[in-house]
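With mmCIF, C-alpha atoms (C1' of nucleotides) inside, this is entry34.cif:
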```cif
data_my_file
#
loop_
_atom_site.label_atom_id
_atom_site.label_comp_id
_atom_site.auth_asym_id
_atom_site.auth_seq_id
_atom_site.Cartn_x
_atom_site.Cartn_y
_atom_site.Cartn_z
CA MET L 1276 -25.62 9.71 -18.23
CA LYS L 1277 -23.18 12.55 -18.51
CA THR L 1278 -20.04 12.34 -16.47
CA SER L 1279 -18.70 15.47 -14.89
CA ILE L 1280 -15.32 15.13 -16.55
CA GLU L 1281 -15.88 16.92 -19.78
CA ARG L 1282 -14.95 20.24 -21.28
CA LYS L 1283 -17.73 22.75 -21.11
CA PRO L 1284 -19.06 25.13 -18.57
CA LEU L 1285 -15.81 25.91 -16.78
CA ARG L 1286 -15.41 29.46 -15.65
CA PRO L 1287 -11.78 30.51 -15.31
CA ALA L 1288 -10.32 29.68 -11.92
CA SER L 1289 -9.36 33.27 -11.19
CA THR L 1290 -12.99 34.35 -10.99
CA GLN L 1291 -13.53 32.59 -7.70
CA ALA L 1292 -11.73 32.65 -4.39
CA LEU L 1293 -10.17 29.41 -3.19
CA VAL L 1294 -12.70 27.19 -1.50
CA GLY L 1295 -12.09 25.56 1.80
CA ARG L 1296 -8.78 27.09 2.84
CA GLU L 1297 -8.25 28.77 6.20
CA PRO L 1298 -10.95 26.75 7.94
CA ALA L 1299 -11.21 29.19 10.83
CA ALA L 1300 -9.48 27.05 13.48
CA PRO L 1301 -10.23 23.30 13.12
CA GLU L 1302 -10.92 21.32 16.29
CA SER L 1303 -7.32 20.08 16.61
CA GLU L 1304 -4.65 21.38 14.24
CA PRO L 1305 -4.02 18.81 11.51
CA MET L 1306 -0.32 18.01 11.08
CA PHE L 1307 -0.29 18.17 7.31
CA ASP L 1308 3.48 18.31 7.17
CA LEU L 1309 3.96 14.99 8.92
CA ILE L 1310 1.14 13.35 6.99
CA GLU L 1311 2.75 14.20 3.66
CA LEU L 1312 6.27 13.42 4.83
CA PHE L 1313 5.16 10.00 6.01
CA PHE L 1314 3.41 9.34 2.69
CA PHE L 1315 6.37 10.29 0.50
CA ALA L 1316 8.95 8.64 2.76
CA TYR L 1317 7.13 5.32 2.78
CA ARG L 1318 6.49 5.43 -0.95
CA ASP L 1319 10.17 5.88 -1.74
CA PHE L 1320 11.15 3.30 0.89
CA VAL L 1321 9.08 0.53 -0.66
CA GLY L 1322 9.99 1.69 -4.16
CA ASP L 1323 13.55 0.47 -3.65
CA ALA L 1324 12.38 -3.08 -3.11
CA ASP L 1325 9.77 -2.94 -5.87
CA ARG L 1326 12.44 -2.51 -8.50
CA LEU L 1327 14.40 -5.53 -7.29
CA LEU L 1328 11.26 -7.69 -7.05
CA GLU L 1329 10.38 -6.99 -10.69
CA ASN L 1330 13.36 -9.08 -11.77
CA TYR L 1331 11.72 -12.08 -10.17
CA GLY L 1332 8.17 -11.35 -11.32
CA PHE L 1333 7.18 -10.75 -7.71
CA GLY L 1334 5.24 -7.90 -6.13
CA ARG L 1335 4.96 -6.34 -2.71
CA ALA L 1336 2.75 -9.11 -1.47
CA HIS L 1337 5.50 -11.64 -2.16
CA HIS L 1338 8.00 -9.39 -0.43
CA ARG L 1339 5.97 -9.22 2.73
CA VAL L 1340 5.49 -12.97 2.89
CA LEU L 1341 9.13 -13.73 2.15
CA HIS L 1342 10.28 -11.19 4.69
CA PHE L 1343 8.26 -12.56 7.56
CA VAL L 1344 9.04 -16.16 6.67
CA TYR L 1345 12.73 -15.27 6.70
CA ARG L 1346 12.48 -13.40 9.97
CA ARG L 1347 10.27 -15.95 11.73
CA PRO L 1348 11.23 -19.28 10.20
CA GLY L 1349 8.81 -22.04 11.15
CA LEU L 1350 5.91 -19.61 11.05
CA ALA L 1351 2.50 -21.29 10.65
CA ILE L 1352 -0.06 -20.10 8.13
CA ALA L 1353 -2.42 -18.75 10.74
CA ALA L 1354 0.34 -16.74 12.41
CA LEU L 1355 1.35 -15.25 9.08
CA LEU L 1356 -2.25 -14.32 8.31
CA ASP L 1357 -2.46 -12.61 11.67
CA ILE L 1358 0.67 -10.56 10.97
CA LEU L 1359 -0.32 -9.57 7.45
CA LYS L 1360 -4.00 -9.12 8.29
CA ILE L 1361 -5.18 -10.53 4.98
CA THR L 1362 -7.41 -13.52 4.21
CA LYS L 1363 -6.05 -16.98 3.57
CA GLN L 1364 -7.35 -16.83 -0.01
CA SER L 1365 -5.24 -13.75 -0.63
CA LEU L 1366 -2.20 -15.30 0.98
CA ASN L 1367 -2.58 -18.53 -0.91
CA ARG L 1368 -2.02 -17.20 -4.41
CA VAL L 1369 1.15 -15.41 -3.37
CA LEU L 1370 2.43 -18.19 -1.15
CA LYS L 1371 1.83 -20.78 -3.83
CA GLN L 1372 4.02 -18.81 -6.23
CA LEU L 1373 6.78 -18.54 -3.65
CA LEU L 1374 6.58 -22.29 -2.97
CA ASP L 1375 6.50 -23.20 -6.67
CA ALA L 1376 9.42 -20.91 -7.42
CA GLY L 1377 11.40 -22.46 -4.59
CA PHE L 1378 11.81 -19.41 -2.36
CA VAL L 1379 9.82 -20.83 0.54
CA GLU L 1380 9.13 -24.34 1.69
CA ALA L 1381 6.47 -25.81 3.96
CA ARG L 1382 6.87 -28.64 6.44
CA ALA L 1383 4.29 -30.30 8.61
CA GLY L 1384 4.40 -29.24 12.24
CA ALA L 1385 6.18 -31.68 14.55
CA THR L 1386 3.57 -31.60 17.29
CA ASP L 1387 0.53 -30.60 15.23
CA ARG L 1388 0.70 -32.17 11.79
CA ARG L 1389 -2.18 -30.02 10.51
CA GLN L 1390 0.09 -27.04 10.60
CA ARG L 1391 2.25 -26.18 7.62
CA LEU L 1392 5.29 -24.39 8.93
CA LEU L 1393 7.02 -22.08 6.53
CA PHE L 1394 10.77 -21.80 6.01
CA PRO L 1395 12.87 -19.87 3.53
CA THR L 1396 14.94 -21.98 1.15
CA PRO L 1397 18.57 -20.88 0.69
CA LYS L 1398 17.43 -19.08 -2.46
CA GLY L 1399 14.58 -17.43 -0.58
CA ALA L 1400 16.87 -16.41 2.26
CA LYS L 1401 19.25 -14.82 -0.23
CA LEU L 1402 16.50 -12.74 -1.81
CA ALA L 1403 15.09 -11.73 1.57
CA GLN L 1404 18.54 -10.54 2.57
CA GLU L 1405 19.09 -8.64 -0.65
CA LEU L 1406 15.79 -6.85 -0.19
CA ALA L 1407 16.58 -6.00 3.40
CA ILE L 1408 20.04 -4.77 2.51
CA LEU L 1409 18.64 -2.58 -0.24
CA GLN L 1410 16.16 -0.96 2.12
CA SER L 1411 18.80 -0.65 4.81
CA GLU L 1412 21.00 1.33 2.46
CA ARG L 1413 18.41 4.08 2.49
CA PHE L 1414 18.30 4.01 6.29
CA ARG L 1415 22.07 4.08 6.40
CA ARG L 1416 22.28 7.15 4.18
CA VAL L 1417 19.59 8.86 6.26
CA PHE L 1418 21.21 8.21 9.62
CA GLY L 1419 24.55 9.24 8.20
CA GLU L 1420 23.00 12.65 7.60
CA LEU L 1421 21.32 12.92 11.01
CA PRO L 1422 22.67 13.20 14.56
CA PRO L 1423 23.60 9.91 16.27
CA GLU L 1424 20.49 9.85 18.49
CA ALA L 1425 18.30 9.83 15.38
CA ARG L 1426 18.23 6.09 14.97
CA GLU L 1427 16.97 5.43 18.49
CA ALA L 1428 14.51 8.30 18.22
CA THR L 1429 13.18 6.95 14.94
CA ALA L 1430 12.67 3.47 16.35
CA ASP L 1431 10.83 4.96 19.32
CA PHE L 1432 8.64 7.03 17.04
CA LEU L 1433 7.76 4.14 14.74
CA LEU L 1434 7.04 1.77 17.60
CA ALA L 1435 4.73 4.30 19.21
CA MET L 1436 2.86 4.70 15.92
CA ILE L 1437 1.84 1.03 15.96
CA ASN L 1438 -1.55 0.11 17.42
CA ALA L 1439 -1.15 -0.97 21.02
CA SER L 1440 -2.69 -4.32 20.18
CA ASP L 1441 0.31 -5.21 17.98
CA ARG L 1442 3.01 -3.23 19.71
CA GLU L 1443 4.14 -5.90 22.12
CA ARG L 1444 4.39 -8.53 19.43
CA VAL L 1445 6.50 -6.27 17.27
CA ARG L 1446 8.69 -5.25 20.19
CA ALA L 1447 9.41 -8.89 20.95
CA HIS L 1448 11.26 -9.15 17.63
CA LEU L 1449 13.39 -6.06 18.13
CA PRO L 1450 17.05 -6.31 19.15
CA PRO L 1451 17.47 -6.10 22.96
CA ARG L 1452 18.62 -2.47 22.98
CA ARG L 1453 15.43 -1.37 21.32
CA ARG L 1454 13.15 -3.16 23.74
CA ARG L 1455 13.57 -0.84 26.72
CA ARG L 1456 10.87 1.76 26.54
CA GLN L 1457 7.59 0.71 28.14
CA LEU L 1458 4.73 2.76 26.79
CA PRO L 1459 1.37 3.13 28.53
CA GLU L 1460 -1.46 0.95 27.26
CA ASP L 1461 -3.78 2.65 24.83
CA ASP L 1462 -4.85 2.18 21.27
CA ALA L 1463 -5.90 4.57 18.55
CA ALA L 1464 -8.03 1.98 16.77
CA MET B 397 -0.22 -29.68 -13.32
CA LYS B 398 0.21 -30.30 -9.64
CA THR B 399 0.67 -27.26 -7.49
CA SER B 400 3.06 -27.37 -4.61
CA ILE B 401 0.43 -26.44 -2.07
CA GLU B 402 -0.97 -29.80 -1.17
CA ARG B 403 -0.73 -32.21 1.68
CA LYS B 404 1.64 -35.02 1.08
CA PRO B 405 5.33 -35.58 1.37
CA LEU B 406 6.03 -33.22 4.24
CA ARG B 407 8.61 -34.44 6.69
CA PRO B 408 8.17 -32.93 10.16
CA ALA B 409 9.86 -29.57 10.57
CA SER B 410 11.98 -30.73 13.47
CA THR B 411 13.95 -33.12 11.27
CA GLN B 412 15.76 -30.30 9.54
CA ALA B 413 17.72 -27.33 10.82
CA LEU B 414 16.45 -23.88 9.94
CA VAL B 415 17.53 -22.85 6.49
CA GLY B 416 19.05 -19.49 5.75
CA ARG B 417 19.46 -18.04 9.24
CA GLU B 418 22.73 -16.62 10.46
CA PRO B 419 23.96 -15.71 7.01
CA ALA B 420 27.59 -15.50 8.12
CA ALA B 421 27.95 -11.68 8.02
CA PRO B 422 26.02 -10.09 5.15
CA GLU B 423 27.70 -7.31 3.17
CA SER B 424 26.07 -4.53 5.20
CA GLU B 425 23.96 -5.40 8.24
CA PRO B 426 20.28 -5.28 7.31
CA MET B 427 18.25 -3.15 9.70
CA PHE B 428 15.38 -5.57 10.08
CA ASP B 429 14.01 -3.81 13.11
CA LEU B 430 13.48 -0.51 11.30
CA ILE B 431 12.13 -2.22 8.21
CA GLU B 432 9.41 -3.96 10.21
CA LEU B 433 8.67 -0.96 12.39
CA PHE B 434 8.21 1.21 9.32
CA PHE B 435 5.90 -1.39 7.77
CA PHE B 436 3.64 -1.76 10.80
CA ALA B 437 3.65 1.94 11.64
CA TYR B 438 2.59 2.94 8.15
CA ARG B 439 -0.03 0.23 7.97
CA ASP B 440 -1.72 1.40 11.16
CA PHE B 441 -1.35 5.05 10.16
CA VAL B 442 -3.27 4.65 6.90
CA GLY B 443 -5.71 2.24 8.54
CA ASP B 444 -7.19 5.12 10.54
CA ALA B 445 -8.20 6.94 7.37
CA ASP B 446 -9.37 3.80 5.60
CA ARG B 447 -12.13 3.28 8.10
CA LEU B 448 -13.45 6.81 7.68
CA LEU B 449 -13.28 6.60 3.88
CA GLU B 450 -15.42 3.48 3.85
CA ASN B 451 -18.41 5.56 4.95
CA TYR B 452 -18.17 7.48 1.69
CA GLY B 453 -17.40 4.51 -0.56
CA PHE B 454 -13.94 5.89 -1.17
CA GLY B 455 -10.55 4.19 -1.00
CA ARG B 456 -6.96 5.26 -0.46
CA ALA B 457 -6.67 6.52 -4.01
CA HIS B 458 -9.49 8.99 -3.40
CA HIS B 459 -7.87 10.04 -0.14
CA ARG B 460 -4.59 10.88 -1.83
CA VAL B 461 -6.25 12.92 -4.55
CA LEU B 462 -8.50 14.78 -2.13
CA HIS B 463 -5.61 15.46 0.21
CA PHE B 464 -3.36 17.01 -2.42
CA VAL B 465 -6.20 18.98 -4.00
CA TYR B 466 -7.02 20.36 -0.56
CA ARG B 467 -3.42 21.18 0.21
CA ARG B 468 -2.58 22.63 -3.20
CA PRO B 469 -5.83 24.15 -4.46
CA GLY B 470 -5.65 25.09 -8.11
CA LEU B 471 -3.45 22.10 -8.87
CA ALA B 472 -3.43 21.10 -12.54
CA ILE B 473 -3.90 17.49 -13.63
CA ALA B 474 -0.32 17.12 -14.80
CA ALA B 475 1.05 18.40 -11.49
CA LEU B 476 -1.14 15.97 -9.58
CA LEU B 477 0.00 13.08 -11.75
CA ASP B 478 3.59 14.05 -11.06
CA ILE B 479 3.00 14.04 -7.31
CA LEU B 480 1.12 10.76 -7.26
CA LYS B 481 3.29 9.10 -9.90
CA ILE B 482 0.39 7.28 -11.53
CA THR B 483 -0.97 7.42 -15.07
CA LYS B 484 -3.75 9.75 -16.13
CA GLN B 485 -5.99 6.77 -16.83
CA SER B 486 -5.63 5.63 -13.24
CA LEU B 487 -6.22 9.11 -11.90
CA ASN B 488 -9.24 9.69 -14.07
CA ARG B 489 -11.43 6.98 -12.66
CA VAL B 490 -10.86 8.18 -9.11
CA LEU B 491 -11.02 11.87 -9.94
CA LYS B 492 -14.26 11.41 -11.84
CA GLN B 493 -15.86 9.90 -8.77
CA LEU B 494 -14.68 12.78 -6.60
CA LEU B 495 -16.02 15.29 -9.14
CA ASP B 496 -19.35 13.48 -9.53
CA ALA B 497 -19.79 13.19 -5.79
CA GLY B 498 -19.06 16.89 -5.39
CA PHE B 499 -15.90 16.70 -3.31
CA VAL B 500 -13.65 18.31 -5.91
CA GLU B 501 -14.33 20.74 -8.72
CA ALA B 502 -12.39 21.65 -11.85
CA ARG B 503 -12.03 25.05 -13.46
CA ALA B 504 -10.29 26.03 -16.65
CA GLY B 505 -6.93 27.72 -16.10
CA ALA B 506 -6.99 31.51 -16.38
CA THR B 507 -3.87 31.81 -18.49
CA ASP B 508 -3.87 28.38 -20.13
CA ARG B 509 -7.41 27.28 -20.78
CA ARG B 510 -6.32 23.73 -21.61
CA GLN B 511 -5.55 23.17 -17.97
CA ARG B 512 -8.20 21.93 -15.57
CA LEU B 513 -7.35 23.30 -12.18
CA LEU B 514 -8.65 21.31 -9.24
CA PHE B 515 -10.23 22.76 -6.12
CA PRO B 516 -11.92 21.16 -3.13
CA THR B 517 -15.58 22.02 -2.67
CA PRO B 518 -16.64 22.95 0.87
CA LYS B 519 -17.78 19.34 1.30
CA GLY B 520 -14.44 18.08 -0.01
CA ALA B 521 -12.51 20.44 2.22
CA LYS B 522 -14.47 19.19 5.21
CA LEU B 523 -13.66 15.56 4.47
CA ALA B 524 -10.00 16.35 3.79
CA GLN B 525 -9.81 18.05 7.17
CA GLU B 526 -11.55 15.23 8.97
CA LEU B 527 -9.10 12.74 7.51
CA ALA B 528 -6.12 14.89 8.42
CA ILE B 529 -7.40 15.42 11.94
CA LEU B 530 -7.91 11.70 12.38
CA GLN B 531 -4.35 10.92 11.31
CA SER B 532 -3.03 13.78 13.39
CA GLU B 533 -4.62 12.31 16.49
CA ARG B 534 -2.26 9.37 16.18
CA PHE B 535 0.71 11.72 15.81
CA ARG B 536 -0.47 13.71 18.79
CA ARG B 537 -0.70 10.64 21.00
CA VAL B 538 2.75 9.52 19.85
CA PHE B 539 4.47 12.85 20.48
CA GLY B 540 2.73 13.08 23.80
CA GLU B 541 4.57 9.90 24.78
CA LEU B 542 7.94 10.98 23.42
CA PRO B 543 10.41 13.73 24.42
CA PRO B 544 9.70 17.20 22.98
CA GLU B 545 12.49 17.02 20.38
CA ALA B 546 10.84 13.95 18.85
CA ARG B 547 8.60 15.86 16.51
CA GLU B 548 11.43 17.78 14.89
CA ALA B 549 13.58 14.66 14.78
CA THR B 550 10.78 12.71 13.10
CA ALA B 551 10.26 15.38 10.44
CA ASP B 552 13.99 15.39 9.76
CA PHE B 553 14.04 11.61 9.46
CA LEU B 554 11.05 11.42 7.13
CA LEU B 555 12.31 14.22 4.92
CA ALA B 556 15.69 12.54 4.59
CA MET B 557 13.98 9.28 3.58
CA ILE B 558 12.46 10.93 0.51
CA ASN B 559 14.31 10.63 -2.80
CA ALA B 560 16.43 13.70 -3.39
CA SER B 561 14.55 14.36 -6.63
CA ASP B 562 11.33 15.05 -4.71
CA ARG B 563 12.77 16.36 -1.46
CA GLU B 564 12.87 20.03 -2.38
CA ARG B 565 9.33 20.03 -3.67
CA VAL B 566 8.07 18.46 -0.47
CA ARG B 567 10.13 20.79 1.71
CA ALA B 568 8.57 23.79 -0.06
CA HIS B 569 5.20 22.84 1.43
CA LEU B 570 6.44 22.45 4.99
CA PRO B 571 5.84 25.12 7.63
CA PRO B 572 8.81 27.56 7.85
CA ARG B 573 10.29 26.04 11.00
CA ARG B 574 10.67 22.69 9.28
CA ARG B 575 12.42 24.07 6.24
CA ARG B 576 15.81 24.79 7.80
CA ARG B 577 17.96 21.74 7.32
CA GLN B 578 19.79 21.65 4.01
CA LEU B 579 20.82 18.12 3.11
CA PRO B 580 23.52 17.20 0.60
CA GLU B 581 22.38 16.23 -2.88
CA ASP B 582 22.24 12.51 -3.48
CA ASP B 583 19.61 9.98 -4.39
CA ALA B 584 19.12 6.34 -3.57
CA ALA B 585 17.09 5.67 -6.73
"C1'" DA A 1092 -15.07 -44.54 19.20
"C1'" DG A 1093 -17.39 -40.74 17.46
"C1'" DA A 1094 -18.31 -35.79 17.33
"C1'" DA A 1095 -16.65 -31.38 17.12
"C1'" DA A 1096 -13.19 -28.08 16.61
"C1'" DT A 1097 -9.03 -26.56 14.23
"C1'" DA A 1098 -5.61 -25.68 10.37
"C1'" DT A 1099 -5.47 -25.41 5.98
"C1'" DG A 1100 -6.65 -25.61 0.84
"C1'" DT A 1101 -9.68 -24.34 -3.00
"C1'" DC A 1102 -13.39 -22.67 -6.19
"C1'" DA A 1103 -15.98 -18.78 -7.76
"C1'" DA A 1104 -17.23 -14.18 -8.04
"C1'" DT A 1105 -16.17 -9.39 -7.09
"C1'" DA A 1106 -13.70 -4.84 -6.05
"C1'" DT A 1107 -9.94 -1.62 -6.17
"C1'" DA A 1108 -6.02 0.32 -7.99
"C1'" DG A 1109 -2.87 0.27 -10.96
"C1'" DC A 1110 -0.83 -0.52 -16.02
"C1'" DT A 1111 -0.10 -0.05 -21.57
"C1'" DG A 1112 -1.62 1.31 -26.01
"C1'" DA A 1113 -4.28 3.87 -29.09
"C1'" DC A 1114 -6.95 7.62 -30.32
"C1'" DG A 1115 -9.68 12.16 -29.90
"C1'" DT A 1116 -10.10 17.17 -28.93
"C1'" DA A 1117 -9.22 21.78 -27.37
"C1'" DT A 1118 -5.87 25.16 -26.92
"C1'" DA A 1119 -1.26 27.25 -27.20
"C1'" DA A 1120 3.10 28.15 -29.41
"C1'" DG A 1121 6.28 27.93 -33.15
"C1'" DC D 763 -0.76 26.77 -40.10
"C1'" DT D 764 1.58 23.12 -38.30
"C1'" DT D 765 3.06 21.14 -34.21
"C1'" DA D 766 3.13 20.47 -29.41
"C1'" DT D 767 0.70 20.32 -25.06
"C1'" DA D 768 -3.03 19.21 -21.64
"C1'" DC D 769 -6.33 16.51 -21.08
"C1'" DG D 770 -10.17 12.79 -21.78
"C1'" DT D 771 -11.46 8.13 -23.04
"C1'" DC D 772 -11.95 3.31 -24.78
"C1'" DA D 773 -10.34 -1.33 -24.33
"C1'" DG D 774 -7.98 -4.79 -22.17
"C1'" DC D 775 -4.74 -6.45 -18.82
"C1'" DT D 776 -2.47 -7.41 -14.00
"C1'" DA D 777 -1.91 -7.51 -8.96
"C1'" DT D 778 -3.88 -7.56 -4.68
"C1'" DA D 779 -7.38 -7.84 -1.97
"C1'" DT D 780 -12.36 -9.25 -0.58
"C1'" DT D 781 -16.66 -12.60 0.76
"C1'" DG D 782 -18.86 -16.96 0.76
"C1'" DA D 783 -19.07 -21.77 0.40
"C1'" DC D 784 -17.15 -26.10 0.74
"C1'" DA D 785 -13.43 -29.98 1.22
"C1'" DT D 786 -9.87 -32.53 3.88
"C1'" DA D 787 -6.63 -33.83 7.40
"C1'" DT D 788 -5.74 -33.88 12.09
"C1'" DT D 789 -6.46 -32.96 16.90
"C1'" DT D 790 -9.31 -32.68 20.88
"C1'" DC D 791 -13.25 -33.39 23.54
"C1'" DT D 792 -16.87 -36.25 25.32
#
```
Mind turning the file's structure into structure tokens?
Amino acid sequence: MKTSIERKPLRPASTQALVGREPAAPESEPMFDLIELFFFAYRDFVGDADRLLENYGFGRAHHRVLHFVYRRPGLAIAALLDILKITKQSLNRVLKQLLDAGFVEARAGATDRRQRLLFPTPKGAKLAQELAILQSERFRRVFGELPPEAREATADFLLAMINASDRERVRAHLPPRRRRRQLPEDDAA
Amino acid sequence: MKTSIERKPLRPASTQALVGREPAAPESEPMFDLIELFFFAYRDFVGDADRLLENYGFGRAHHRVLHFVYRRPGLAIAALLDILKITKQSLNRVLKQLLDAGFVEARAGATDRRQRLLFPTPKGAKLAQELAILQSERFRRVFGELPPEAREATADFLLAMINASDRERVRAHLPPRRRRRQLPEDDAA
DNA sequence: AGAAATATGTCAATATAGCTGACGTATAAG
DNA sequence: CTTATACGTCAGCTATATTGACATATTTCT
């Protein structure tokens, strides 16, 4: 079967008007500017960490696990799965590598010995910090270029972007200052 | 060889103090709050589109291609590769599917016939709009909950987060209002 | 005590999205 | 007329995720 990527019956582009532009007033104006800005900003933000992780043979998945283990030491597997919203099979490959490489360690729960509670090792804590510092440098440059209210405004914006179902849990880990604003209950999902 | 994920010599967690917390003043305070907020906010933001794309058998890669073809009709392959920062082999699989399914079409360049300029079909334009509207609904809810300056402040923040090397190109596609601020030249990469 | 639920690990197969390297072809530019 | 450019494609590889099925240790319920 012929694929449609091949060189043949292409008329020159100039012979036809652009298709699909000016859609005669869509239902609710799409905010293309913010969509693209968010895409590029997040891509460059995670790119910083990607380069550091390469030195360790780790990827983004390892970063996420290490980060949350560092931030919530004693985290159980199920809680981590709930944060990351991936399956345990997916987590296991990555977590196994972090355990084998000595960046994370697991200990049986004190009350429930079925649980395997995760802790960063000193080595793991060091890497988690380096990654966080690297990403914070970008934030620091950005807020150095913006008015002083920008940091609070940004945190408010990002928090509001999170699905209501997770918002409270995320807010609980914010520094006290950032925990003020009480938003109404609704969810875009 | 034994893996380290297995149930055996785990002492209870309570017998050891948490490792790696309170790192005795890191070089420059990591902004953990913003790092996590950015992670969760972006995850939920793209999740909206993911659900719609499933109905078409498409993934995020298709979304990105369709979006930029819709926004920059007549885009050449090389320009698209430069925006997405992926290889042509990666692009080709996804682009082929969009061409075959009739969401995008390619036409030879008028001046340079080696180029294959990409355009959305009416069907492709419709899907691109639906996706953008869906993601804009989240923005609209968010800015409805925040003070009126928040939208401008958010655009400023996101633009500043982008690597300087790409910032001008992105700014060129913003609506006029959003193009004011001239930031100093520097790059975190 | 015994059954059932829970927390976790693991095997196998599959999908998506990316990569490198090598090579082919049409067109443009020197 | 040679070289460079824009693109397509084949082959093989990696990382990250999925579903489904099953195993094991431990807790909880009856």
Could you list, as a count of residues only, every residue matched by the PyMOL selection byres ((chain A) within 10 of (chain L)) in this structure?
7
Would you kindly report the residues of chain L within 12 Å of chain D, using only C-alpha atoms (C1' of nucleotides), as a JSON list (two decimals) with C-alpha atoms, in the coordinates of the input?
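out-v2.json, written as the output of this step:
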```json
[["chain", "number", "residue", "atom", "x", "y", "z"],
["L", 1278, "THR", "CA", -20.04, 12.34, -16.47],
["L", 1279, "SER", "CA", -18.70, 15.47, -14.89],
["L", 1280, "ILE", "CA", -15.32, 15.13, -16.55],
["L", 1281, "GLU", "CA", -15.88, 16.92, -19.78],
["L", 1282, "ARG", "CA", -14.95, 20.24, -21.28],
["L", 1332, "GLY", "CA", 8.17, -11.35, -11.32],
["L", 1333, "PHE", "CA", 7.18, -10.75, -7.71],
["L", 1334, "GLY", "CA", 5.24, -7.90, -6.13],
["L", 1335, "ARG", "CA", 4.96, -6.34, -2.71],
["L", 1336, "ALA", "CA", 2.75, -9.11, -1.47],
["L", 1337, "HIS", "CA", 5.50, -11.64, -2.16],
["L", 1359, "LEU", "CA", -0.32, -9.57, 7.45],
["L", 1360, "LYS", "CA", -4.00, -9.12, 8.29],
["L", 1361, "ILE", "CA", -5.18, -10.53, 4.98],
["L", 1362, "THR", "CA", -7.41, -13.52, 4.21],
["L", 1363, "LYS", "CA", -6.05, -16.98, 3.57],
["L", 1364, "GLN", "CA", -7.35, -16.83, -0.01],
["L", 1365, "SER", "CA", -5.24, -13.75, -0.63],
["L", 1366, "LEU", "CA", -2.20, -15.30, 0.98],
["L", 1367, "ASN", "CA", -2.58, -18.53, -0.91],
["L", 1368, "ARG", "CA", -2.02, -17.20, -4.41],
["L", 1369, "VAL", "CA", 1.15, -15.41, -3.37],
["L", 1383, "ALA", "CA", 4.29, -30.30, 8.61],
["L", 1384, "GLY", "CA", 4.40, -29.24, 12.24],
["L", 1386, "THR", "CA", 3.57, -31.60, 17.29],
["L", 1387, "ASP", "CA", 0.53, -30.60, 15.23],
["L", 1388, "ARG", "CA", 0.70, -32.17, 11.79],
["L", 1389, "ARG", "CA", -2.18, -30.02, 10.51],
["L", 1390, "GLN", "CA", 0.09, -27.04, 10.60],
["L", 1391, "ARG", "CA", 2.25, -26.18, 7.62]]
```
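From atom CA of B:Asp562 back to atom CA of B:Gln525, the distance works out to 24.4 Å.
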Find the spatial neighbours of L:Met1306, counting all atoms listed in the file, within a cut-off of 7 Å - ignore same-chain residues fewer than 3 positions away - and output them as a list in words.
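Using all atoms listed in the file, the neighbours found are Leu1309 and Ile1310 of chain L; Ser532 of chain B.
Nearest residue to chain B among L:Lys1398, L:Ala1316, L:Glu1405, L:Val1340 is L:Ala1316, counting only C-alpha atoms.
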So what do you get for atom CA of L:Phe1418 versus atom CA of L:Arg1318, distance-wise?
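Computing the Euclidean distance for atom CA of L:Phe1418 and atom CA of L:Arg1318 yields 18.3 Å.
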How many Å lie between atom CA of B:Leu530 and atom CA of B:Arg447, rounded to one decimal?
10.3 Å
